[in-house]
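Participant: Dropping in start.txt, with compact mmCIF, C-alpha atoms.
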```txt
# COMPACT_ATOMS: atom_id res chain seq x y z
CA MET A 1 0.00 0.00 0.00
CA SER A 2 1.55 3.31 -1.02
CA ALA A 3 1.70 6.12 1.51
CA ILE A 4 -0.35 9.27 0.72
CA ALA A 5 1.50 12.49 1.55
CA THR A 6 -0.54 15.54 2.49
CA VAL A 7 0.94 18.71 1.03
CA THR A 8 0.38 22.41 1.47
CA ILE A 9 0.72 25.15 -1.15
CA ARG A 10 2.05 28.48 0.04
CA PRO A 11 -0.37 31.35 -0.63
CA GLY A 12 0.65 33.77 -3.30
CA ALA A 13 2.71 31.21 -5.15
CA ALA A 14 0.31 31.01 -8.14
CA LYS A 15 0.28 33.88 -10.61
CA ARG A 16 -2.96 35.55 -11.58
CA ARG A 17 -4.07 35.61 -15.20
CA PRO A 18 -3.68 39.09 -16.74
CA ALA A 19 -6.95 40.92 -17.43
CA ASP A 20 -6.24 41.31 -21.17
CA GLU A 21 -5.47 37.60 -21.64
CA PRO A 22 -8.23 35.57 -23.30
CA ALA A 23 -10.14 33.24 -20.99
CA GLY A 24 -9.30 30.16 -23.02
CA HIS A 25 -5.62 31.01 -23.41
CA ARG A 26 -3.23 28.70 -21.63
CA GLY A 27 -0.02 30.42 -20.67
CA PRO A 28 3.03 28.91 -18.99
CA LEU A 29 2.31 27.06 -15.79
CA ALA A 30 2.98 29.08 -12.66
CA ARG A 31 5.51 27.69 -10.23
CA GLN A 32 4.13 26.53 -6.92
CA ARG A 33 6.15 25.47 -3.91
CA ILE A 34 4.70 22.31 -2.39
CA GLU A 35 5.75 21.18 1.08
CA PRO A 36 4.53 18.41 3.41
CA VAL A 37 2.25 19.62 6.15
CA SER A 38 4.68 18.28 8.75
CA VAL A 39 7.38 20.58 7.36
CA ALA A 40 5.23 23.61 6.72
CA GLY A 41 3.69 23.55 10.20
CA ARG A 42 6.94 22.95 12.04
CA GLY A 43 7.55 25.34 14.92
CA VAL A 44 10.14 24.80 17.62
CA PRO A 45 12.89 22.34 16.53
CA ARG A 46 12.53 18.86 18.00
CA TRP A 47 16.01 18.83 19.52
CA LEU A 48 15.12 21.99 21.45
CA ARG A 49 11.88 20.48 22.71
CA ARG A 50 13.69 17.31 23.77
CA MET A 51 16.19 19.38 25.73
CA SER A 52 13.52 21.41 27.53
CA GLY A 53 12.70 18.63 30.03
CA PRO A 54 16.28 18.10 31.34
CA VAL A 55 16.90 21.87 31.41
CA VAL A 56 13.78 22.51 33.49
CA LEU A 57 14.76 19.69 35.86
CA VAL A 58 18.25 21.14 36.36
CA LEU A 59 16.80 24.63 36.96
CA LEU A 60 14.43 23.28 39.61
CA TRP A 61 17.34 21.41 41.19
CA GLN A 62 19.42 24.61 41.29
CA VAL A 63 16.58 26.63 42.80
CA ALA A 64 15.97 23.99 45.48
CA SER A 65 19.69 23.97 46.33
CA LYS A 66 19.98 27.75 46.54
CA THR A 67 16.86 28.16 48.67
CA GLY A 68 17.91 25.43 51.10
CA VAL A 69 14.98 23.16 50.29
CA LEU A 70 17.53 20.57 49.18
CA PRO A 71 20.50 20.64 51.61
CA SER A 72 23.96 20.03 50.19
CA GLU A 73 24.45 17.17 52.68
CA VAL A 74 21.61 15.34 50.98
CA LEU A 75 22.41 16.26 47.38
CA ALA A 76 24.95 18.75 46.04
CA GLY A 77 23.69 21.50 43.75
CA PRO A 78 24.34 21.64 40.00
CA SER A 79 27.04 24.30 40.34
CA THR A 80 28.96 22.13 42.84
CA VAL A 81 28.55 19.07 40.63
CA ILE A 82 29.85 20.95 37.59
CA GLY A 83 32.84 22.16 39.60
CA SER A 84 33.64 18.62 40.74
CA ALA A 85 33.32 17.33 37.18
CA ALA A 86 35.74 20.03 36.01
CA LYS A 87 38.28 18.96 38.64
CA LEU A 88 37.98 15.29 37.70
CA ILE A 89 38.40 16.17 34.02
CA GLU A 90 41.41 18.36 34.80
CA THR A 91 43.15 15.54 36.64
CA GLY A 92 42.17 13.01 33.96
CA GLU A 93 40.42 10.68 36.42
CA LEU A 94 37.03 10.97 34.77
CA GLN A 95 38.29 10.27 31.23
CA ASP A 96 40.24 7.21 32.37
CA ALA A 97 37.25 5.89 34.31
CA MET A 98 34.95 6.40 31.30
CA VAL A 99 37.28 4.52 28.96
CA ILE A 100 37.61 1.58 31.37
CA SER A 101 33.87 1.34 32.08
CA LEU A 102 32.95 1.68 28.42
CA GLY A 103 35.42 -1.07 27.54
CA ARG A 104 33.88 -3.39 30.12
CA ALA A 105 30.37 -2.72 28.87
CA LEU A 106 31.25 -3.25 25.21
CA ALA A 107 33.25 -6.41 25.97
CA GLY A 108 30.36 -7.90 27.94
CA LEU A 109 27.88 -6.87 25.24
CA ALA A 110 30.02 -8.43 22.51
CA ILE A 111 30.28 -11.75 24.34
CA GLY A 112 26.71 -11.94 25.62
CA GLY A 113 25.22 -10.54 22.42
CA SER A 114 27.08 -13.00 20.21
CA ILE A 115 25.93 -15.93 22.33
CA GLY A 116 22.34 -14.67 22.50
CA VAL A 117 22.07 -14.03 18.76
CA ALA A 118 23.67 -17.37 17.85
CA LEU A 119 21.30 -19.32 20.10
CA ALA A 120 18.31 -17.32 18.82
CA VAL A 121 19.18 -18.11 15.21
CA VAL A 122 19.52 -21.81 16.03
CA ALA A 123 16.23 -21.89 17.96
CA GLY A 124 14.41 -19.71 15.46
CA LEU A 125 15.41 -21.50 12.27
CA PHE A 126 15.29 -25.10 13.41
CA ARG A 127 12.63 -26.91 15.41
CA LEU A 128 15.26 -29.22 16.88
CA GLY A 129 17.23 -26.15 17.99
CA GLU A 130 14.11 -24.72 19.61
CA ASP A 131 13.53 -27.97 21.50
CA LEU A 132 17.12 -28.05 22.76
CA VAL A 133 17.70 -24.35 23.46
CA ASP A 134 14.52 -22.40 24.15
CA ALA A 135 13.37 -24.11 27.36
CA THR A 136 16.81 -23.69 28.93
CA MET A 137 17.05 -20.02 27.95
CA GLN A 138 13.55 -19.28 29.22
CA MET A 139 14.47 -20.85 32.53
CA LEU A 140 17.82 -19.10 32.95
CA ARG A 141 16.52 -15.64 32.05
CA THR A 142 14.32 -15.61 35.16
CA VAL A 143 17.37 -15.93 37.44
CA PRO A 144 18.40 -12.45 38.70
CA ASN A 145 21.84 -11.55 37.40
CA VAL A 146 22.85 -10.02 40.72
CA ALA A 147 22.28 -13.38 42.40
CA MET A 148 25.02 -14.80 40.20
CA ILE A 149 27.72 -12.49 41.63
CA PRO A 150 28.86 -14.88 44.43
CA LEU A 151 29.19 -17.77 41.98
CA LEU A 152 31.01 -15.60 39.45
CA ILE A 153 33.50 -14.54 42.11
CA ILE A 154 34.09 -18.17 43.12
CA TRP A 155 34.47 -19.31 39.51
CA LEU A 156 36.35 -16.34 38.00
CA GLY A 157 37.99 -14.57 40.93
CA ILE A 158 37.74 -10.84 41.66
CA GLY A 159 39.45 -9.44 38.58
CA GLU A 160 37.92 -8.23 35.32
CA ALA A 161 36.41 -11.58 34.35
CA PRO A 162 33.39 -11.58 36.73
CA LYS A 163 32.51 -7.99 35.80
CA ILE A 164 32.46 -8.77 32.08
CA ALA A 165 30.68 -12.08 32.68
CA LEU A 166 27.93 -10.32 34.64
CA ILE A 167 27.37 -7.88 31.77
CA ALA A 168 27.40 -10.74 29.26
CA LEU A 169 24.72 -12.58 31.23
CA GLY A 170 22.55 -9.50 31.37
CA THR A 171 22.80 -8.69 27.66
CA ALA A 172 22.41 -12.20 26.21
CA PHE A 173 18.76 -12.78 27.10
CA PRO A 174 17.14 -9.61 25.64
CA LEU A 175 18.89 -10.22 22.34
CA TYR A 176 17.94 -13.88 22.37
CA LEU A 177 14.26 -13.18 23.03
CA ASN A 178 13.92 -10.44 20.44
CA VAL A 179 15.90 -12.12 17.67
CA TYR A 180 14.04 -15.38 18.25
CA ALA A 181 10.68 -13.59 18.20
CA GLY A 182 11.70 -11.65 15.09
CA ILE A 183 12.57 -14.82 13.20
CA ARG A 184 9.38 -16.62 14.20
CA ASN A 185 7.19 -13.59 13.39
CA VAL A 186 8.36 -13.20 9.78
CA ASP A 187 5.30 -12.99 7.52
CA SER A 188 4.47 -16.46 6.23
CA THR A 189 3.36 -15.04 2.88
CA LEU A 190 6.93 -13.84 2.31
CA ILE A 191 8.20 -17.34 3.02
CA GLU A 192 5.72 -18.80 0.54
CA ALA A 193 6.70 -16.20 -2.05
CA GLY A 194 10.36 -17.14 -1.61
CA ARG A 195 9.57 -20.81 -2.08
CA THR A 196 7.53 -20.03 -5.17
CA LEU A 197 10.49 -18.14 -6.62
CA GLY A 198 12.69 -21.15 -5.97
CA LEU A 199 14.96 -19.64 -3.31
CA SER A 200 17.28 -22.05 -1.59
CA ARG A 201 17.25 -22.38 2.20
CA ALA A 202 20.35 -20.20 2.55
CA ALA A 203 18.91 -17.56 0.21
CA MET A 204 15.60 -17.66 2.09
CA VAL A 205 17.38 -16.98 5.37
CA ARG A 206 19.53 -14.24 3.90
CA HIS A 207 16.95 -12.36 1.85
CA VAL A 208 13.70 -13.00 3.74
CA VAL A 209 14.13 -14.22 7.32
CA LEU A 210 17.02 -12.08 8.54
CA PRO A 211 15.73 -8.78 7.08
CA GLY A 212 12.32 -9.55 8.57
CA ALA A 213 13.86 -10.18 11.99
CA LEU A 214 16.06 -7.06 11.89
CA PRO A 215 13.54 -4.65 13.52
CA ASN A 216 13.13 -6.93 16.54
CA SER A 217 16.88 -7.47 16.69
CA LEU A 218 17.57 -3.75 16.97
CA VAL A 219 14.95 -3.45 19.70
CA GLY A 220 16.72 -6.23 21.56
CA LEU A 221 20.03 -4.42 21.11
CA ARG A 222 18.58 -1.31 22.74
CA TYR A 223 17.32 -3.35 25.68
CA SER A 224 20.68 -5.09 25.99
CA LEU A 225 22.56 -1.80 26.05
CA GLY A 226 20.34 -0.51 28.85
CA ILE A 227 20.89 -3.67 30.88
CA ALA A 228 24.63 -3.49 30.16
CA TRP A 229 24.91 -0.21 32.07
CA LEU A 230 22.82 -1.60 34.93
CA ALA A 231 25.00 -4.70 35.15
CA LEU A 232 28.09 -2.51 34.92
CA VAL A 233 27.07 -0.62 38.07
CA PHE A 234 26.84 -3.88 40.01
CA GLY A 235 29.89 -5.38 38.36
CA GLU A 236 32.13 -2.46 39.26
CA GLN A 237 31.32 -2.99 42.92
CA ILE A 238 33.30 -6.26 42.79
CA ASN A 239 36.70 -5.14 44.07
CA ALA A 240 37.06 -2.53 41.32
CA THR A 241 40.30 -0.56 41.20
CA ALA A 242 39.32 1.64 38.26
CA GLY A 243 36.24 2.80 36.42
CA ILE A 244 33.22 4.91 37.19
CA GLY A 245 32.00 2.46 39.83
CA TYR A 246 35.36 2.77 41.58
CA LEU A 247 34.96 6.57 41.70
CA MET A 248 31.46 6.14 43.10
CA ALA A 249 32.65 3.73 45.79
CA ASN A 250 35.34 6.16 46.92
CA ALA A 251 32.88 9.05 46.90
CA ARG A 252 30.44 7.03 48.98
CA GLU A 253 33.10 6.44 51.63
CA MET A 254 33.86 10.18 51.74
CA PHE A 255 30.17 11.27 51.57
CA GLN A 256 30.89 13.23 48.37
CA THR A 257 27.44 13.46 46.83
CA ASP A 258 28.73 15.76 44.11
CA VAL A 259 31.14 13.12 42.77
CA ILE A 260 28.40 10.47 42.98
CA VAL A 261 26.11 12.67 40.89
CA VAL A 262 28.92 13.22 38.37
CA CYS A 263 29.35 9.46 38.00
CA LEU A 264 25.61 8.95 37.62
CA ALA A 265 25.52 11.66 34.96
CA VAL A 266 28.37 9.94 33.11
CA TYR A 267 26.47 6.64 33.19
CA ALA A 268 23.42 8.42 31.80
CA LEU A 269 25.36 10.21 29.05
CA LEU A 270 27.15 7.04 27.96
CA GLY A 271 23.83 5.21 27.85
CA LEU A 272 22.29 8.07 25.86
CA GLY A 273 25.19 7.98 23.43
CA VAL A 274 24.92 4.27 22.68
CA ASP A 275 21.12 4.53 22.43
CA PHE A 276 21.57 7.32 19.86
CA THR A 277 23.92 5.02 17.95
CA VAL A 278 21.28 2.29 17.82
CA ARG A 279 18.62 4.79 16.71
CA THR A 280 20.92 5.84 13.89
CA LEU A 281 21.40 2.21 12.88
CA GLU A 282 17.62 1.79 12.84
CA LYS A 283 17.26 4.74 10.47
CA VAL A 284 19.95 3.36 8.18
CA PHE A 285 19.01 -0.33 8.10
CA LEU A 286 15.24 0.12 8.38
CA ALA A 287 14.84 2.89 5.83
CA TRP A 288 12.82 0.46 3.69
CA ARG A 289 10.16 0.05 6.39
CA PRO A 290 7.50 2.79 6.61
CA ALA A 291 6.63 3.55 10.21
CA PHE A 292 4.52 6.01 12.16
CA SER A 293 6.70 8.77 13.66
CA GLY A 294 4.10 10.75 15.59
CA THR A 295 1.95 13.75 14.76
```
Please express what this file holds, its structure, as structure tokens.
Facilitator:
Amino acid sequence: MSAIATVTIRPGAAKRRPADEPAGHRGPLARQRIEPVSVAGRGVPRWLRRMSGPVVLVLLWQVASKTGVLPSEVLAGPSTVIGSAAKLIETGELQDAMVISLGRALAGLAIGGSIGVALAVVAGLFRLGEDLVDATMQMLRTVPNVAMIPLLIIWLGIGEAPKIALIALGTAFPLYLNVYAGIRNVDSTLIEAGRTLGLSRAAMVRHVVLPGALPNSLVGLRYSLGIAWLALVFGEQINATAGIGYLMANAREMFQTDVIVVCLAVYALLGLGVDFTVRTLEKVFLAWRPAFSGT
């Protein structure tokens, strides 16, 4: 079904017929500028509207800190937090911690995501794979990842391995569930069309099944990235000697709420950055799929 675009014509764009021109005379067509209604009626830019919420929240936070409604012992004000962030950046501690934490999150995501996607493909494409894999994965995904920390410490020690393993466990299941669901929810009429055209099994998977499962896969990637940061917070509490969690642990011991807020803001910004990356991938790889984007 083809999409119907509503357009608007700017007033004054069409030229009037001169008075001395015969009624039946057809002159050159007048130029008219045609724009979609969504473009013509656009007011405040979207990026500015999206920023308005965080800005208002920070302003309320600053007012509450200045008026004493929110004591500094409970939560430092924005100006104090910005000053602490500037000091950490000046000494290089914050940059080093960000690089280490980001490396842990990406390493865990790479391991857990690869395992989750591989098992989802096996379970989604083959009935035997579903019988062997799906029940086990559905059972393991209900186990809280935090409950696995004692076992991970016993098995892997207190170095980097348990931190990355915890992130891998957290990111594997969302990708598995979404990729598996994406494969099994491919339109059956497309499968029948592929068989009618004589596509081989490999060609069917490549040209029909995997593109059809891609939207769900990207949704699973977004979920996995969110869980990766959550698992990272817990993982960096396991005898960490570097990273954002290490800075938070030290700040907790010293009751430095400003440094804790800086670390939380870094977690949020890193998560926002990777989420923006996935959104960009969705626009690139799913450009063929028409979707509702709001009114």
Participant: Show me the residues around (12.8, -16.6, 22.6) - criterion: an atom at most 9 Å away, all atoms listed in the file counted - as an NGL selection string.
Facilitator: :A and (120 or 123-124 or 130 or 134-135 or 137-138 or 173-181)
Participant: Take the residues just selected and output them with C-alpha atoms as a short mmCIF file (atom, residue, chain, number, x, y, z; two decimals), in the frame of the given file.
Facilitator:
```cif
data_model
loop_
_atom_site.label_atom_id
_atom_site.label_comp_id
_atom_site.auth_asym_id
_atom_site.auth_seq_id
_atom_site.Cartn_x
_atom_site.Cartn_y
_atom_site.Cartn_z
CA ALA A 120 18.31 -17.32 18.82
CA ALA A 123 16.23 -21.89 17.96
CA GLY A 124 14.41 -19.71 15.46
CA GLU A 130 14.11 -24.72 19.61
CA ASP A 134 14.52 -22.40 24.15
CA ALA A 135 13.37 -24.11 27.36
CA MET A 137 17.05 -20.02 27.95
CA GLN A 138 13.55 -19.28 29.22
CA PHE A 173 18.76 -12.78 27.10
CA PRO A 174 17.14 -9.61 25.64
CA LEU A 175 18.89 -10.22 22.34
CA TYR A 176 17.94 -13.88 22.37
CA LEU A 177 14.26 -13.18 23.03
CA ASN A 178 13.92 -10.44 20.44
CA VAL A 179 15.90 -12.12 17.67
CA TYR A 180 14.04 -15.38 18.25
CA ALA A 181 10.68 -13.59 18.20
#
```
Participant: Please identify all polymer residues within 12 Å of Leu272 of chain A, counting all atoms listed in the file, omitting same-chain residues fewer than 5 positions from it, and present them as a PyMOL selection string.
Facilitator: chain A and resi 222+225-226+229+265-267+277-279
Participant: I want to know what sits within 10 Å of segment 142-158 of chain A, based on only C-alpha atoms, with residues of the same chain fewer than 2 positions away left out; could you give that as a PyMOL selection string?
Facilitator: chain A and resi 137-140+160-163+165-170+173+231+234-235+238-240
Participant: Of the residues A:Gly194, A:Pro54, A:Gly113, A:Gly220, which is the one nearest to His207 of chain A, using only C-alpha atoms?
Facilitator: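 Of the candidates, the smallest distance to His207 of chain A is held by A:Gly194.
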Participant: Could you check which of A:Leu102, A:Leu125, A:Glu90, A:Tyr246 is closest to Val186 of chain A, using only C-alpha atoms?
Facilitator: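 The shortest atom-to-atom distance to Val186 of chain A comes from A:Leu125.
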Participant: For atom CA of Leu214 of chain A and atom CA of Ile115 of chain A, quote the distance in Å rounded to one decimal.
Facilitator: 16.9 Å
Participant: Rank A:Asp275, A:Leu94, A:Gly159, A:Val55 by their smallest atom-to-atom distance to Met248 of chain A, using all atoms listed in the file, and report the top residue only.
Facilitator: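 For Met248 of chain A, the nearest of the given residues is A:Leu94.
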Participant: Name the residues within 9 Å of (28.0, 16.9, 40.0), counting all atoms listed in the file in the file's coordinates, and put them as a PyMOL selection string.
Facilitator: chain A and resi 76-85+257-265
Participant: Could you check how far atom CA of Thr189 of chain A sits from atom CA of Val209 of chain A, in Å to one decimal?
Facilitator: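 These two atoms are separated by 11.7 Å.
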Participant: Rounded to one decimal, what separation in Å do you get between atom CA of Gly53 of chain A and atom CA of Val233 of chain A?
Facilitator: 25.3 Å
Participant: From the options A:Gly116, A:Gly68, A:Gly103, A:Pro211, which residue's atoms come nearest to Ile244 of chain A, counting all atoms listed in the file?
Facilitator: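 Among A:Gly116, A:Gly68, A:Gly103, A:Pro211, it is A:Gly103 that comes nearest to Ile244 of chain A.
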Participant: With N, CA and C atoms as the target, complete segment 54-67 of chain A and hand it back as a tab-separated table (two decimals), in the frame of the given file.
Facilitator:
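File produced: part-v1.tsv:
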```tsv
chain	number	residue	atom	x	y	z
A	54	PRO	N	15.09	18.11	30.47
A	54	PRO	CA	16.28	18.10	31.34
A	54	PRO	C	16.67	19.48	31.83
A	55	VAL	N	16.52	20.50	30.98
A	55	VAL	CA	16.90	21.87	31.41
A	55	VAL	C	16.01	22.34	32.54
A	56	VAL	N	14.71	22.11	32.42
A	56	VAL	CA	13.78	22.51	33.49
A	56	VAL	C	14.10	21.76	34.78
A	57	LEU	N	14.43	20.48	34.68
A	57	LEU	CA	14.76	19.69	35.86
A	57	LEU	C	16.00	20.23	36.56
A	58	VAL	N	17.02	20.59	35.78
A	58	VAL	CA	18.25	21.14	36.36
A	58	VAL	C	17.98	22.50	37.01
A	59	LEU	N	17.14	23.32	36.38
A	59	LEU	CA	16.80	24.63	36.96
A	59	LEU	C	16.07	24.46	38.29
A	60	LEU	N	15.12	23.52	38.35
A	60	LEU	CA	14.43	23.28	39.61
A	60	LEU	C	15.40	22.76	40.68
A	61	TRP	N	16.32	21.93	40.28
A	61	TRP	CA	17.34	21.41	41.19
A	61	TRP	C	18.20	22.54	41.74
A	62	GLN	N	18.59	23.48	40.85
A	62	GLN	CA	19.42	24.61	41.29
A	62	GLN	C	18.66	25.52	42.24
A	63	VAL	N	17.39	25.77	41.93
A	63	VAL	CA	16.58	26.63	42.80
A	63	VAL	C	16.41	25.99	44.16
A	64	ALA	N	16.14	24.69	44.20
A	64	ALA	CA	15.97	23.99	45.48
A	64	ALA	C	17.26	24.01	46.29
A	65	SER	N	18.41	23.93	45.62
A	65	SER	CA	19.69	23.97	46.33
A	65	SER	C	19.98	25.35	46.88
A	66	LYS	N	19.70	26.38	46.10
A	66	LYS	CA	19.98	27.75	46.54
A	66	LYS	C	19.06	28.19	47.66
A	67	THR	N	17.82	27.75	47.64
A	67	THR	CA	16.86	28.16	48.67
A	67	THR	C	16.96	27.32	49.93
```
